[in-house]
Every structure is written in C-alpha cells, then in structure tokens.
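Inspection log for the structure reproduced underneath, given as structure tokens.
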Amino acid sequence: MFGNIWLSSALIVTAIFSASAIYKSYSDIQAAKQIQESYEIISDIKTLLAKQYNKNPQDITRDEIIASLPKGGNWEKLLLTDRNDSSGLANKALVNEDGNLVLNENERIKLLALRAKLKNITDTSSVTAVNNTLTFEVGKLEKNSIEKDKGIEINIDLAINYLVDKLLYDSAVTSSTITTEISSAVALYLPENDIYQDLKTSVDEVISDAELLSRKKTYFQNRIKDELSSNDDTIKTKLYNLIKEQI
Amino acid sequence: MKILFLLCLISFTRFFAANSDLFIERQNNLDVIKQIIQEEEMVARAYEKYIINERKLPTIASLLSPLYLSTSFSLTSLVGGTSFSISSTKATMTSRLLNTALNTDANFKLLYEGNLYRKNTYFTDSSTISIKLTDPFSRHLYYLMRNSGATSILPCTVLLTKYCTENNHIFIYDNTDRTNLLMYYHIDRFKTGPIIVTSNTSLHITSDEYNAIPKGALLYDTDGIKYIKTANSIEKLR
C-alpha cells in the first residue's frame with residue numbers, strides 16, 4: 001500500500017512534468033512562428049506604404065502603420081511580441097514608435113526566430129543591446145532613383161514656397177535677409193537621403209560626411225535656382241528676380 | 001475550498017484583462033488627424049477654384065456655397081482647438097491641432113505637420129497651414145492681389161487701384177493714381193503674351209512690374225514694336 005502511493009505519486013509527478021514540458025515546447029514553436037509571421041506582414045505593410053507615400057520603408061513609423069490598419073478585428077496583435085489577451089502596445093510592443101522591431105535580449109526563442117528570418121535579408125550580427133533591448137530595422141529596400149527624383153522635386157517646391165512666404169511680398173526685405181532665408185530654406189527642406197549622386201569631383205576622391213552634406217546643400221540650392229530661373233510662372237519669375245544675386 | 005480557489009483564479013485573470021485600449025485610442029486619434037487634413041485639402045482646392053472664378057480672395061463663408069465646398073460641408077472640431085478660419089489677406093488657414101490634446105503627442109504632431117496626407121496644403125508654423133496654389137492663372141491672380149495689398153481685382157471703372165480688369169483683360173498701372181499704364185493683356189495670354197506694354201522704354205527698366213513677366217513672353221508696345229522678355233530684361237526684337 002505504501003509502495004502503491006509512492007509509485008502513483010511518482011507517475012503523477014512525471015506526467016505533470018512531461019505535460020508542462022510538451023506545452024512549453026509547443027508554445028515556444030508558436031511564439032517563434034508568430035514573430036516570423038509578424039515580421040513578414042509588417043515588412044509588407046511598410047513596403048506598401050512606402051510606395052504609396054514615396055518614403056523610404058524604414059522611415060514609415062508605427063503610427064503610420066496603425067493609421068493604415070483596418071478597424072476592428074485583432075490587428076493590434078501584429079505589433080505585439082505575443083498574442084495573449086493581456087498583451088497590448090503599452091506592455092508588449094514588438095514594434096517601437098519608429099516602426100522598428102524591438103526585443104528584449106532575454107527572449108531567446110523569439111530572437112532566434114527573428115534572426116533566422118532575417119538571415120538572408122540583412123546582417124543582424126552587428127545589432128547590439130541597448131538597455132537590454134535589441135532593435136532591428138524593417139524594410140531595408142532601397143527607393144529607386146525615379147522616386148528619389150520625385151522626392152527631390154517635392155522638396156524643391158516646398159523650399160520655394162518657404163522663400164515666397166518669407167520674401168516676396170515684404171517690400172522692406174534686405175540683401176542679408178535674403179541670404180539668411182535661402183540658407184534656412186536649404187537647411188529645412190534638404191532631402192538628404194534622396195540625393196543619390198555621390199557629388200565627388202573624381203572617382204577616387206574620398207570625402208568626409210560633413211563635406212558630402214555641404215555639397216548636397218550646394219546641389220540642392222542650385223536645383224532651386226534652376227527651377228526658379230527656367231520657370232514660366234509669375235511668382236517664381238518674380239522671386240528669381242528678387243533673389244538672383246544671392247542664390 | 002475549490003470554489004474559493006476558482007474565484008481567485010478568475011479574479012486573477014481579470015486583473016490582466018485585454019490591453020487593447022492604447023491601440024484603439026491611437027487608431028481613433030490617427031483617424032481624426034487624417035480627417036482634419038482631408039478637410040483642409042478640400043478647403044484648399046475650393047480656395048483655388050474661387051480665385052480663378054471670382055478673382056477675389058475667399059472667406060470660409062463664401063466657400064460654403066454649392067459651387068465650391070457645398071452648403072452642407074462641415075469641419076470636424078477638436079476639443080480645445082481654435083475655431084477654423086482662413087486669413088483675409090493671404091492663402092493660409094488656422095492650424096486645427098494647436099491647443100488640443102493631440103498636439104502634445106510628438107508623433108501626432110509629426111503626422112499633422114508632415115506631407116504624408118497633404119498635396120494642396122503645407123505646414124508653415126505652429127498656428128498656420130498654408131494653401132498651395134497649383135494652377136498657373138490662380139497663382140498669377142494671387143500674386144497681383146498680394147503685391148498690391150488688395151483682396152480682389154476690381155473692374156477698371158473702380159478708381160484708385162493699381163491693377164484692374166475689364167473685358168477679360170488685366171490692366172497694370174504704375175501706381176494707384178494710374179499715372180502710367182504699364183501693360184495690359186488678355187487673361188488667356190498672361191504667360192506667353194502678346195502683352196501690350198508702354199512705349200516709354202525707360203519704364204521698362206525702372207518699373208518692378210515687368211520683373212514678374214515670365215521668360216519668353218512676347219511683348220508689343222503701343223507703337224507696334226516687338227519685344228521679348230528675357231530672364232533679366234525686356235529686349236527689342238529686330
């Protein structure tokens with residue numbers, strides 16, 4: 001009788017232990033699959049939005065993703081590290097505000113699953129933990145040069161609107177104001193990532209980032225000047241006449 | 001004992017109830033921002049149409065007519081926001097996010113101020129959204145109005161205006177006393193000409209009004225001499 005109790009207790013404990021181990025491995029596999037699925041869908045959404053709005057996929061923010069998701073249903077689960085009922089953006093966000101994937105370095109199964117998914121897309125070995133959190137960029141597809149040209153044209157237009165607002169209808173505008181406002185317009189609207197020309201003077205030239213930025217600003221300013229001088233629009237013609245000495 | 005245990009378990013799980021509120025609230029707020037930007041875009045398009053048709057700067061009241069925004073058009077108002085208005089002197093409107101709860105969130109501000117959902121408007125400063133005029137004729141009329149400080153181009157029978165309109169032509173004088181008629185042109189020809197200009201060639205050089213004529217426009221003076229507008233001057237054509 002005493003032996004029976006011992007045997008049955010041992011059997012029960014073993015059964016409980018095995019059941020929980022099986023359940024743990026099942027939930028780990030589920031978690032890994034869900035992370036990979038989430039990455040896939042988020043990457044697709046970002047690429048779609050990037051095409052629609054002519055932005056780089058990695059610049060699409062979490063809010064822009066949320067604004068494009070359908071109402072109702074469980075779309076929030078896409079942005080979370082797990083799909084439990086108690087999880088929400090406040091405590092279990094997989095996607096941070098910038099639209100990048102974030103995982104705590106202790107979530108080993110999920111990290112493994114994500115790295116496996118990203119193996120052929122991007123190099124994840126350089127990603128290091130900051131405050132126990134690893135951040136992975138989503139959507140590293142490049143915009144092609146046609147869309148970058150469009151991005152530059154939009155910004156030239158915005159810079160011109162800025163100069164018109166500040167200078168055109170003010171009869172007291174001075175030469176130094178014009179120079180200042182031209183610099184401000186270039187600084188505010190420079191589409192740094194869209195200027196794909198390398199702006200080197202020779203193939204072997206090596207230039208610092210600061211020098212490249214300075215050349216991009218000059219390039220952008222010249223593009224604005226071209227747009228103003230070659231245009232047959234009244235406002236642009238008048239603006240060019242006003243600022244042609246300084247631009 | 002069992003019942004007590006069960007009750008504890010249930011209340012325990014309720015404690016960690018579904019946490020979707022943040023997501024739903026965020027999505028709703030983003031929808032509101034999209035909605036107000038959409039309304040601003042509609043106002044901007046109506047504004048431009050009004051300038052072309054009426055040759056005047058519109059007010060929001062004048063836009064709420066069947067030809068422009070329709071009488072039933074209404075603007076979503078946000079708690080704490082300033083009431084919507086269009087400037088009486090230039091193509092700007094009040095920012096609707098300013099002073100609202102949404103304005104305190106950096107990401108909502110970024111979305112409202114950015115150009116993701118904007119085509120006919122653009123952010124100028126924290127209290128102003130500007131209208132982007134795209135039609136060349138509306139831009140020309142707008143320029144004339146802003147340059148003379150007027151809010152409309154009146155018929156020439158109304159005196160003391162620098163610019164006036166008659167018979168589908170626009171007349172440009174050098175000042176409000178109309179000392180010299182500098183040029184006039186048909187509204188369809190404001191870009192390419194022929195634009196009729198004064199035969200007083202010294203005014204061609206001294207008057208600022210000629211600097212707004214686009215490059216390549218054909219000009220005739222009142223003696224029939226042909227000129228062309230270049231980037232920097234008016235050149236006689238042989």
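Following the order of the structure tokens, first chain is A, next is B, and so on, with residues numbered from 1 inside each chain and ligands from 1 in the order they appear.
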
With only C-alpha atoms considered, list every residue of chain B at most 8 Å from chain A, as number ranges by chain. B: 16-23, 26-27, 30-31, 107, 116, 124, 136, 139-140, 143, 146-147, 191, 211-216, 231-232

Output file for the residues above (N, CA and C atoms, as a JSON list (two decimals), in the first residue's frame):
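Contents of the output file part-v2.json:
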[["chain", "number", "residue", "atom", "x", "y", "z"],
["B", 16, "PHE", "N", -5.43, 40.92, -15.32],
["B", 16, "PHE", "CA", -4.65, 41.17, -16.53],
["B", 16, "PHE", "C", -5.56, 41.17, -17.76],
["B", 17, "ALA", "N", -6.65, 41.92, -17.69],
["B", 17, "ALA", "CA", -7.61, 41.92, -18.79],
["B", 17, "ALA", "C", -7.00, 42.52, -20.05],
["B", 18, "ALA", "N", -7.67, 42.29, -21.19],
["B", 18, "ALA", "CA", -7.18, 42.72, -22.51],
["B", 18, "ALA", "C", -6.75, 44.18, -22.52],
["B", 19, "ASN", "N", -5.60, 44.44, -23.12],
["B", 19, "ASN", "CA", -4.94, 45.73, -23.01],
["B", 19, "ASN", "C", -4.98, 46.53, -24.31],
["B", 20, "SER", "N", -6.05, 46.31, -25.14],
["B", 20, "SER", "CA", -6.06, 46.92, -26.47],
["B", 20, "SER", "C", -6.42, 48.38, -26.46],
["B", 21, "ASP", "N", -6.73, 48.95, -25.29],
["B", 21, "ASP", "CA", -7.23, 50.33, -25.26],
["B", 21, "ASP", "C", -6.27, 51.30, -25.91],
["B", 22, "LEU", "N", -4.97, 51.14, -25.66],
["B", 22, "LEU", "CA", -4.00, 52.08, -26.21],
["B", 22, "LEU", "C", -4.03, 52.05, -27.73],
["B", 23, "PHE", "N", -4.09, 50.85, -28.30],
["B", 23, "PHE", "CA", -4.10, 50.70, -29.75],
["B", 23, "PHE", "C", -5.35, 51.33, -30.35],
["B", 26, "ARG", "N", -5.31, 55.08, -30.07],
["B", 26, "ARG", "CA", -4.32, 55.63, -31.01],
["B", 26, "ARG", "C", -4.90, 55.63, -32.43],
["B", 27, "GLN", "N", -5.51, 54.50, -32.79],
["B", 27, "GLN", "CA", -6.06, 54.38, -34.15],
["B", 27, "GLN", "C", -7.17, 55.41, -34.37],
["B", 30, "LEU", "N", -5.60, 58.84, -34.80],
["B", 30, "LEU", "CA", -4.96, 58.96, -36.11],
["B", 30, "LEU", "C", -6.02, 59.19, -37.19],
["B", 31, "ASP", "N", -7.17, 58.53, -37.03],
["B", 31, "ASP", "CA", -8.28, 58.73, -37.97],
["B", 31, "ASP", "C", -8.73, 60.18, -37.95],
["B", 107, "ASN", "N", 4.27, 62.37, -32.03],
["B", 107, "ASN", "CA", 4.01, 61.64, -33.26],
["B", 107, "ASN", "C", 2.76, 62.14, -33.98],
["B", 116, "LEU", "N", 2.62, 63.63, -45.57],
["B", 116, "LEU", "CA", 2.16, 62.30, -45.96],
["B", 116, "LEU", "C", 0.77, 62.35, -46.59],
["B", 124, "THR", "N", 3.22, 75.56, -42.18],
["B", 124, "THR", "CA", 4.09, 76.75, -42.19],
["B", 124, "THR", "C", 4.69, 76.98, -40.81],
["B", 136, "PRO", "N", -1.62, 77.81, -62.82],
["B", 136, "PRO", "CA", -0.81, 79.00, -63.14],
["B", 136, "PRO", "C", -1.62, 80.30, -63.10],
["B", 139, "ARG", "N", -2.27, 81.36, -59.54],
["B", 139, "ARG", "CA", -1.04, 81.87, -58.97],
["B", 139, "ARG", "C", -0.79, 83.30, -59.45],
["B", 140, "HIS", "N", -1.10, 83.55, -60.71],
["B", 140, "HIS", "CA", -0.90, 84.89, -61.27],
["B", 140, "HIS", "C", -1.82, 85.90, -60.59],
["B", 143, "TYR", "N", -0.78, 86.49, -57.01],
["B", 143, "TYR", "CA", 0.39, 87.36, -56.96],
["B", 143, "TYR", "C", -0.02, 88.84, -57.10],
["B", 146, "ARG", "N", -1.75, 89.96, -53.80],
["B", 146, "ARG", "CA", -0.81, 90.12, -52.68],
["B", 146, "ARG", "C", 0.12, 91.30, -52.91],
["B", 147, "ASN", "N", 0.56, 91.47, -54.14],
["B", 147, "ASN", "CA", 1.54, 92.51, -54.44],
["B", 147, "ASN", "C", 0.97, 93.91, -54.27],
["B", 191, "LYS", "N", 0.80, 84.43, -69.64],
["B", 191, "LYS", "CA", 2.11, 83.78, -69.57],
["B", 191, "LYS", "C", 2.95, 84.00, -70.82],
["B", 211, "ASN", "N", 9.20, 92.76, -63.93],
["B", 211, "ASN", "CA", 10.03, 91.65, -63.46],
["B", 211, "ASN", "C", 9.24, 90.38, -63.21],
["B", 212, "ALA", "N", 7.91, 90.50, -63.21],
["B", 212, "ALA", "CA", 7.10, 89.31, -62.97],
["B", 212, "ALA", "C", 6.66, 88.65, -64.27],
["B", 213, "ILE", "N", 6.99, 89.27, -65.41],
["B", 213, "ILE", "CA", 6.59, 88.65, -66.68],
["B", 213, "ILE", "C", 7.50, 87.46, -66.92],
["B", 214, "PRO", "N", 6.92, 86.29, -67.25],
["B", 214, "PRO", "CA", 7.78, 85.10, -67.41],
["B", 214, "PRO", "C", 8.71, 85.22, -68.62],
["B", 215, "LYS", "N", 9.79, 84.52, -68.54],
["B", 215, "LYS", "CA", 10.79, 84.45, -69.61],
["B", 215, "LYS", "C", 10.14, 83.96, -70.89],
["B", 216, "GLY", "N", 10.43, 84.56, -71.99],
["B", 216, "GLY", "CA", 9.94, 84.09, -73.29],
["B", 216, "GLY", "C", 8.63, 84.70, -73.73],
["B", 231, "ALA", "N", 15.35, 86.59, -69.16],
["B", 231, "ALA", "CA", 15.44, 86.35, -67.72],
["B", 231, "ALA", "C", 15.62, 87.64, -66.94],
["B", 232, "ASN", "N", 16.33, 88.61, -67.52],
["B", 232, "ASN", "CA", 16.67, 89.80, -66.75],
["B", 232, "ASN", "C", 16.12, 91.11, -67.31]]

Extract the full set of alpha helix (DSSP H) residues from range 22-246 of chain A according to DSSP on the backbone, and format it as a ChimeraX atom specification. /A:22-53,62-68,108-118,145-163,175-189,209-229,234-243

Save the residues we just selected, C-alpha atoms, as a compact mmCIF listing (two decimals), in the first residue's frame?
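Result saved to result03.txt:
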# COMPACT_ATOMS: atom_id res chain seq x y z
CA ILE A 22 5.44 19.44 -24.04
CA TYR A 23 3.25 22.53 -23.59
CA LYS A 24 6.34 24.75 -23.18
CA SER A 25 7.91 23.49 -26.39
CA TYR A 26 4.61 23.89 -28.23
CA SER A 27 4.21 27.48 -27.05
CA ASP A 28 7.84 28.23 -27.97
CA ILE A 29 7.26 26.98 -31.50
CA GLN A 30 4.08 29.09 -31.69
CA ALA A 31 5.92 32.18 -30.43
CA ALA A 32 8.69 31.68 -33.00
CA LYS A 33 6.18 31.26 -35.83
CA GLN A 34 4.21 34.31 -34.73
CA ILE A 35 7.31 36.52 -34.63
CA GLN A 36 8.29 35.47 -38.14
CA GLU A 37 4.74 35.99 -39.37
CA SER A 38 4.58 39.43 -37.78
CA TYR A 39 7.86 40.42 -39.39
CA GLU A 40 6.60 39.28 -42.80
CA ILE A 41 3.35 41.21 -42.56
CA ILE A 42 4.91 44.36 -41.09
CA SER A 43 7.55 44.35 -43.82
CA ASP A 44 4.84 44.05 -46.48
CA ILE A 45 2.76 46.86 -44.95
CA LYS A 46 5.79 49.14 -44.74
CA THR A 47 6.76 48.46 -48.35
CA LEU A 48 3.21 49.18 -49.50
CA LEU A 49 3.00 52.43 -47.53
CA ALA A 50 6.48 53.43 -48.73
CA LYS A 51 5.35 53.08 -52.35
CA GLN A 52 2.11 54.92 -51.69
CA TYR A 53 3.73 57.88 -49.98
CA ARG A 62 4.35 52.83 -36.14
CA ASP A 63 1.61 55.47 -36.17
CA GLU A 64 1.56 55.42 -39.96
CA ILE A 65 1.15 51.64 -39.84
CA ILE A 66 -1.65 51.90 -37.26
CA ALA A 67 -3.44 54.55 -39.36
CA SER A 68 -3.46 52.17 -42.33
CA ARG A 108 15.92 33.93 -26.70
CA ILE A 109 13.43 31.85 -28.69
CA LYS A 110 11.91 34.91 -30.34
CA LEU A 111 15.33 36.39 -31.07
CA LEU A 112 16.43 33.15 -32.66
CA ALA A 113 13.30 33.04 -34.80
CA LEU A 114 13.77 36.64 -35.92
CA ARG A 115 17.45 36.24 -36.73
CA ALA A 116 16.62 33.12 -38.75
CA LYS A 117 14.03 35.11 -40.70
CA LEU A 118 16.44 38.00 -41.32
CA SER A 145 16.22 56.75 -58.43
CA ILE A 146 12.97 57.73 -60.16
CA GLU A 147 11.18 58.01 -56.86
CA LYS A 148 14.13 59.83 -55.33
CA ASP A 149 13.91 62.41 -58.12
CA LYS A 150 10.25 62.90 -57.20
CA GLY A 151 11.23 63.31 -53.57
CA ILE A 152 13.76 65.99 -54.54
CA GLU A 153 11.20 67.83 -56.69
CA ILE A 154 8.67 67.90 -53.88
CA ASN A 155 11.26 69.40 -51.56
CA ILE A 156 12.35 71.99 -54.12
CA ASP A 157 8.71 73.06 -54.31
CA LEU A 158 8.44 73.31 -50.52
CA ALA A 159 11.66 75.32 -50.30
CA ILE A 160 10.37 77.74 -52.96
CA ASN A 161 7.04 78.14 -51.11
CA TYR A 162 9.02 78.95 -47.97
CA LEU A 163 11.05 81.64 -49.77
CA SER A 175 20.02 91.51 -49.03
CA SER A 176 21.18 89.89 -45.79
CA THR A 177 17.64 88.70 -45.00
CA ILE A 178 17.54 87.06 -48.42
CA THR A 179 20.82 85.25 -47.80
CA THR A 180 19.66 84.08 -44.37
CA GLU A 181 16.33 82.83 -45.65
CA ILE A 182 17.95 80.96 -48.55
CA SER A 183 20.18 79.12 -46.06
CA SER A 184 17.16 78.38 -43.86
CA ALA A 185 15.15 77.04 -46.79
CA VAL A 186 18.00 74.74 -47.84
CA ALA A 187 18.57 73.52 -44.28
CA LEU A 188 14.86 72.90 -43.64
CA TYR A 189 13.99 71.10 -46.83
CA ASP A 209 30.33 63.11 -44.22
CA ALA A 210 30.43 66.80 -43.37
CA GLU A 211 31.85 67.66 -46.79
CA LEU A 212 29.24 65.48 -48.51
CA LEU A 213 26.47 67.26 -46.63
CA SER A 214 27.86 70.63 -47.62
CA ARG A 215 27.98 69.56 -51.29
CA LYS A 216 24.43 68.24 -51.08
CA LYS A 217 23.27 71.63 -49.78
CA THR A 218 25.02 73.41 -52.65
CA TYR A 219 23.49 70.95 -55.12
CA PHE A 220 20.00 71.48 -53.68
CA GLN A 221 20.40 75.26 -53.75
CA ASN A 222 21.40 75.09 -57.41
CA ARG A 223 18.40 72.93 -58.17
CA ILE A 224 16.17 75.60 -56.57
CA LYS A 225 17.90 78.29 -58.63
CA ASP A 226 17.36 76.28 -61.84
CA GLU A 227 13.71 75.79 -61.07
CA LEU A 228 13.18 79.50 -60.46
CA SER A 229 15.15 80.79 -63.46
CA THR A 234 4.68 84.61 -62.42
CA ILE A 235 5.53 84.02 -58.77
CA LYS A 236 8.70 82.02 -59.45
CA THR A 237 9.84 84.57 -62.04
CA LYS A 238 9.40 87.44 -59.59
CA LEU A 239 11.11 85.54 -56.80
CA TYR A 240 14.07 84.75 -59.03
CA ASN A 241 14.37 88.40 -59.93
CA LEU A 242 14.40 89.27 -56.24
CA ILE A 243 16.98 86.75 -55.06

Would you kindly return, as a PyMOL selection string, each protein, DNA or RNA residue with an atom no farther than 7 Å from any atom of Val138 in chain A, considering only C-alpha atoms and excluding same-chain residues fewer than 5 positions away? chain A and resi 43+58+100-101

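Taking CA of Ala91 in chain B as the reference point, CA of Thr121 in chain B is found at 9.8 Å.
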
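CA of Asn99 in chain B lies 14.3 Å from CA of Glu113 in chain B.
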
Looking only at the backbone, which of the residues in range 7-233 of chain A does DSSP tag as strand (DSSP E), as a ChimeraX atom specification? /A:101-104,133-136
